[in-house]
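K.L.:
Shown below is the structure under consideration.
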Amino acid sequence: MGAPPRHTGPGAALRQDSALKHATGEARFADDIPEPPGMLHAALVLSPVAHGRLAPVDLSPAFALPGVVAALGPGDIPGRNDIAQPKRGQEHMLAEGLVEYWGQPLAIVVAETRDAALAGAAAVRPSIEALRPVLSVEEALEAEAFLLPPMVLARGDTRAALTAAPRRLSGSFQAGGQEHFYLEGQIALAVPGEDRDLTIHSSTQHPTEVQHVAARILGCDQNRISVQVRRLGGGFGGKESNASWVAACAALAARRTGRPVKLRLGRKQDIAATGKRHPMLFRWEAGFDDSGRILALDAVLAADGGHSVDLSPGVVFRAVTHALNCLDVPDVTITGIACKTNTVSNTAFRGFGGPQGVLLMEDVTRQVGRALGVPQEVVRERNLAGGENDALTPYGQALEGDLIRRVWAECREGSEWERRRAEVDSFNARSEVLRRGLGSFVLAFGISFGVMSMNQAGALVHVYEDGSIRLNHGGTEMGQGLFIKIAQVVAGVFGVPVERVRITATSTAEVPNTAPTAASTGSDLNGWAAQIAATTIRTRMAELAAAEWGVRPEEVTFEAEEVFAGNHRMGFPELAHRCVQARVSLSSTGFYKTPDIHWDPAALRGEPFFYFSYGAAVAEVELDLLTGEHRLLRADLVQDCGRSLNPAVDLGQIEGAFVQGLGWLTCEELWWDEEGRLRTLGPSTYKIPGSRDVPPVFNVRLLEGAPARAETVFRSKAVGEPPVMLATAVWNALRDAAGPARLDLPATPERLLMAARG
Amino acid sequence: MTTGPIAFTLNGTPRRLPPDTSPSMTLLDWLRGPAALVGTKEGCAEGDCGACTVVLEEADGARVPVNSCLALLGQVHGRCIRTVEGLRGPDGGAHPVQRALAEADATQCGFCTPGIVMTGWAHAREGGDVHDALAGNLCRCTGYRPIVEAFGALQDDGAASPAPPSAPATRLEAPGQVFHRPASLDELLTLRAAHPSAWLLSGGTDLGLRVSERREVPAEVICLSDVPELNCLEATGDGIRLGAAASYRRLLAACEADTGFAPLAALLRRLGSRQIRGMGTVGGNLGTASPIGDALPPLVALGASLRVEGLVGLREMAVEDFLTGYRINALRPGEVIRDLFIPRPPAGSLFAAEKLSKRPDQDITTVGISAVVRFDGTRVVGARIALGGTGPRVERCAPAEAALVGQPWTRETVEIAAAALEAAITPLSDWRGSAEYRRIAAGNLLRRLWHRHPEAA
């Protein structure tokens with residue numbers, strides 16, 4: 001025997017499965033798939049106005065151009081012109097009668113080349129009688145233009161408690177939206193097959209929804225459509241519902257022309273036509289005592305949902321359920337509203353309303369601290385859930401007060417809070433133009449889909465006669481390392497090196513009726529499903545080995561690509577071979593549904609989350625009071641990942657999410673003009689963080705010795721979204737530096753300069 | 001003048017393209033289309049994300065990363081190009097740069113990675129600050145930390161640049177299109193006179209957008225890259241003379257070699273990215289005459305002059321006189337910008353070149369201010385203050401200059417000048433900043449000048 005075999009099962013810090021292929025350029029994205037013969041290109045005609053009555057669009061100018069093969073409007077849809085979420089009314093894929101935002105798709109032009117399709121689309125001049133657009137959430141709130149009935153989460157008697165409280169304060173602030181800016185834009189390639197079958201290669205987080213929406217648009221059975229996804233060039237929620245209509249447009253064009261059709265949105269069209277993170281307006285009133293205990297809170301969270309419902313119910317649900325974050329307030333009323341404006345319909349974005357919701361208590365604790373002359377941290381500590389306070393959220397689920405305090409204590413200590421607080425204060429006493437600020441944040445984030453039915457997953461595992469393993473599951477790989485994590489789970493079950501597990505493209509033909517890869521649940525759900533499938537096969541294999549060896553199946557172990565029981569021993573491939581000879585099935589599906597979660601959407605009560613993920617952060621900034629320019633000097637993060645399935649992947653998720661949150665809170669600004677045209681349509685005007693924006697001192701720690709309490713995969717916890725919110729510490733640090741004034745988000749140099757001037 | 005096919009060396013192999021290939025096709029479209037080299041990605045088609053980065057291998061061994069989404073085939077004609085597919089290690093497998101990024105967990109979704117690999121491969125040779133190297137490459141997944149770490153340890157592979165194609169044609173034709181690459185000033189001026197509506201293509205970082213994003217197909221292009229007079233660069237004790245088609249990369253190297261130009265060097269390091277500076281030119285910025293062109297305020301403050309030339313003759317004028325309005329300049333029909341002269345800041349003077357933008361790197365000016373202040377003892381005896389982003393064109397601010405000259409260099413003097421500056425400008429509101437912010441920030445940039453240099457130089 002040589003060196004012990006490399007550990008590649010759960011817990012191993014393995015690389016993203018395609019890392020080297022990414023670097024050599026061999027990793028194939030949807031636009032890199034060799035184009036099938038006869039393939040056509042599609043381009044969209046987008047609305048040039050934000051709100052107006054739309055006459056039927058004359059598509060003849062497109063046909064007049066060379067290379068144009070088809071031009072399709074809503075009348076060419078054989079099924080239903082509807083891309084809405086189930087039971088959420090109707091949302092047109094191609095506008096009919098009314099346009100409701102600038103950039104709304106009106107028609108599809110299909111041509112022999114992409115340039116010809118774009119030229120054809122540009123030649124179409126829709127006739128629209130302009131109506132006044134509603135562009136701000138304030139205006140929509142004033143007019144009570146709501147997409148949904150307000151969601152009111154209440155506990156106790158807030159009015160009475162406010163009245164009785166020794167002290168009261170109120171405040172308001174706003175947070176902006178965020179463009180996903182996945183590096184790979186939206187794209188789909190639809191390829192017709194026999195009998196009107198259709199294969200769709202889509203860059204989607206939700207292959208099943210692509211299948212369902214395409215079938216609805218085409219008016220065909222779902223079994224006619226199979227959706228394939230090997231990898232996405234980034235998703236972040238932007239390819240959850242938005243990828244579906246892009247793919248359905250390609251599907252419609254393929255059905256109408258009988259030829260393969262690719263639709264790839266250029267960057268500007270992508271940013272114009274696809275939804276973003278919900279901007280949110282906050283108004284609150286709090287009652288508290290001299291110790292800083294917050295006794296009552298009445299808050300309104302008004303989200304800008306854009307023109308249609310899309311995923312706004314879930315976003316508002318999460319904002320409302322996370323509005324108290326890890327704090328406890330006895331008497332509380334949180335009202336969540338999705339306002340309707342004439343802007344693109346806002347959608348899922350990493351954190352899904354959570355990042356907005358957790359801002360609320362950061363403003364409340366800060367203002368209360370100012371009123372009492374104590375640091376925000378003191379007020380936050382005084383109100384942490386659990387301990388001397390109630391651990392129950394207003395909706396009735398318990399938080400773990402000990403973990404909340406532990407992440408904060410470790411972060412506070414690791415960041416050398418006391419020493420640096422003194423250093424920052426001393427720097428500021430000496431400095432006139434530059435001012436430093438220190439800020440902190442503590443997080444409790446619930447894991448599970450808010451829509452209970454989405455908490456399910458499937459997997460399909462085959463073991464071949466040579467002992468090689470093929471893995472398929474319902475999750476999609478968008479860079480988050482899901483595929484390697486699930487492969488590690490399966491490798492662990494069979495006791496084989498992870499290289500023996502072949503990772504394959506997600507396909508609705510292999511695993512049906514799946515949930516999107518979203519809400520941080522990818523590895524929780526699909527990991528279990530794959531483990532169940534693999535365990536089913538392993539049990540059969542163990543039974544065969546046990547019968548041959550005359551031992552009990554439980555005595556058979558799988559390790560280092562061998563199978564053991566007592567003195568018996570056989571190679572894993574040999575056992576696979578014998579199973580085939582003995583007619584034992586080496587293929588199994590696995591199905592998993594999250595246990596124990598429940599939610600009453602009428603009462604807003606229940607335990608909707610399988611568990612909570614905790615985290616804490618400390619950030620230090622330097623601000624130039626003359627220009628508003630600022631830099632993040634240092635960040636210290638502690639993130640609870642349970643017992644990490646893959647610490648290398650989790651570290652990457654934490655760092656990347658933090659920087660994405662940093663962008664949302666500082667430099668990423670969406671700017672609409674007075675006519676409702678979005679003017680920040682590309683990286684030249686919409687600025688996501690660059691490498692220099694990452695703090696030069698960036699300490700990230702995974703919380704150790706904290707296996708998940710709930711029945712999660714190998715006691716791991718989800719990590720995709722929570723660290724986005726850790727960037728909230730930067731907002732607090734900037735306010736610490738800039739002074740007392742309201743600081744809306746994103747905190748651009750302009751906002752900071754204005755805030756610092758008071 | 002010779003007509004012939006587009007020719008370049010791609011990944012070490014000479015390529016001659018079919019005769020009907022459009023010379024205004026972007027290199028990216030050609031790579032991903034006819035060449036079937038799909039490792040290079042399109043992320044934005046506007047030269048800002050870097051996913052399409054490829055490297056020009058220069059005769060002197062330099063490796064210049066460029067955005068292939070903005071580079072036209074006619075522009076890279078005669079050059080040596082390397083793409084991610086052309087990187088190989090000594091064993092024929094992945095190149096050490098590719099391995100380094102993969103092994104550092106520096107890829108997540110991987111879409112930006114080929115561009116980052118090419119930037120890294122160039123950086124391993126060119127050196128410098130890692131963030132300067134990465135400014136032109138966006139990554140939305142990793143948070144950059146592992147990329148920065150991997151970049152810090154990259155080693156130059158020592159490979160020599162391959163040979164470019166010999167005697168490339170100077171005129172490229174496709175149906176309905178002509179792309180001229182004049183090799184002398186006379187030839188250029190004659191062509192310009194004959195084709196007044198042709199695109200005058202310098203680095204193409206602005207004009208390239210019309211192809212890349214707006215999908216325009218120009219009938220006539222005159223490319224300035226091969227005209228020797230437009231590509232000169234000469235640094236003397238008096239200043240720097242450079243041709244209109246010399247790249248920002250070269251100007252930056254010249255400024256870095258002369259401490260007198262250090263503030264300009266610092267500003268140029270924030271102009272676009274290495275990719276943009278590898279192609280973009282001062283002549284192009286002057287031709288575009290944008291009020292937010294990063295480099296224009298320092299040129300005006302320093303009193304740079306330029307020479308324009310047409311068949312009728314040569315004219316010399318100050319840059320401040322050349323910029324006549326919003327994206328309007330003083331070029332007459334048939335004229336081209338030949339070169340410019342940037343005088344060295346006078347000894348003992350204070351020279352500053354600052355800009356504000358939403359993000360420090362790869363973001364164009366929201367407000368820019370450049371100043372040259374001369375002293376006699378503690379008294380200001382001369383001041384040239386140029387502003388960008390505060391009006392329709394880059395121009396000097398006479399009231400602020402007047403408030404300084406003759407006065408002692410004190411906080412009070414600068415306060416009066418800053419107030420005069422704020423009163424004198426008429427900025428616009430747009431997505432980069434409100435008029436109010438621009439006004440206050442412009443004044444404060446002048447105030448900050450004093451805070452940073454409270455003693456007369």
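So you can find residues: chains in the structure tokens are A, B, ... in the order shown, residues in each start at 1, and ligands are numbered from 1 in order.
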Excluding segment 433-442 of chain B and any residue of its chain fewer than 3 positions from it, enumerate the residues within 9 Å of it, using only C-alpha atoms, and give them as a ChimeraX atom specification.
P.N.:
/A:626-628,750-751,753-754 /B:356-358,366-369,387,389-390,418,421-423,425-430,445-447
K.L.:
Can you pull out every residue within 6 Å of Leu56 of chain B, counting only C-alpha atoms, but drop anything in the same chain fewer than 6 positions away, and send it as a PDB file with C-alpha atoms, in the first residue's frame?
P.N.:
ATOM      1  CA  ARG B  63       2.329  41.349 -24.352  1.00  0.00           C
ATOM      2  CA  VAL B  64      -0.574  43.713 -24.738  1.00  0.00           C
ATOM      3  CA  CYS B  80       0.309  38.498 -33.653  1.00  0.00           C
ATOM      4  CA  ILE B  81      -2.659  37.433 -31.532  1.00  0.00           C
TER       5      ILE B  81
END
K.L.:
So that I can check the surroundings of Phe29 of chain A, please list as a list in words every protein, DNA and RNA residue that reaches within 7 Å of it, counting only C-alpha atoms and ignoring chain neighbours fewer than 2 positions away.
P.N.:
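In the requested form, the answer reads Ala27, Asp31, Asp32, Ile33, Arg231 and Leu232 of chain A.
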K.L.:
Got time to write the residues from that selection, C-alpha atoms, as a compact mmCIF listing (two decimals), in the first residue's frame?
P.N.:
# COMPACT_ATOMS: atom_id res chain seq x y z
CA ALA A 27 -15.70 24.47 -20.63
CA ASP A 31 -23.30 29.84 -26.81
CA ASP A 32 -20.30 27.54 -27.30
CA ILE A 33 -22.32 24.48 -28.30
CA ARG A 231 -23.47 25.11 -16.70
CA LEU A 232 -24.40 28.74 -16.37
K.L.:
So, with only C-alpha atoms as the atoms that count, which of B:Pro298, B:Gly348, B:Pro114, B:Gly143 lies closest to Ala266 of chain B?
P.N.:
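Of all the options, B:Pro298 lies closest to Ala266 of chain B.
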K.L.:
Skip Ala299 of chain A itself and residues of its chain fewer than 5 positions away, then list as a PyMOL selection string all residues within 9 Å of it, counting only C-alpha atoms.
P.N.:
chain A and resi 282-286+323+332-336+360
K.L.:
Residues within 7 Å of segment 617-622 of chain A, please, as a PyMOL selection string. Count only C-alpha atoms; anything in the same chain fewer than 6 positions from it doesn't count.
P.N.:
chain A and resi 411+415+434-442+630-638+726+729-730+733-734
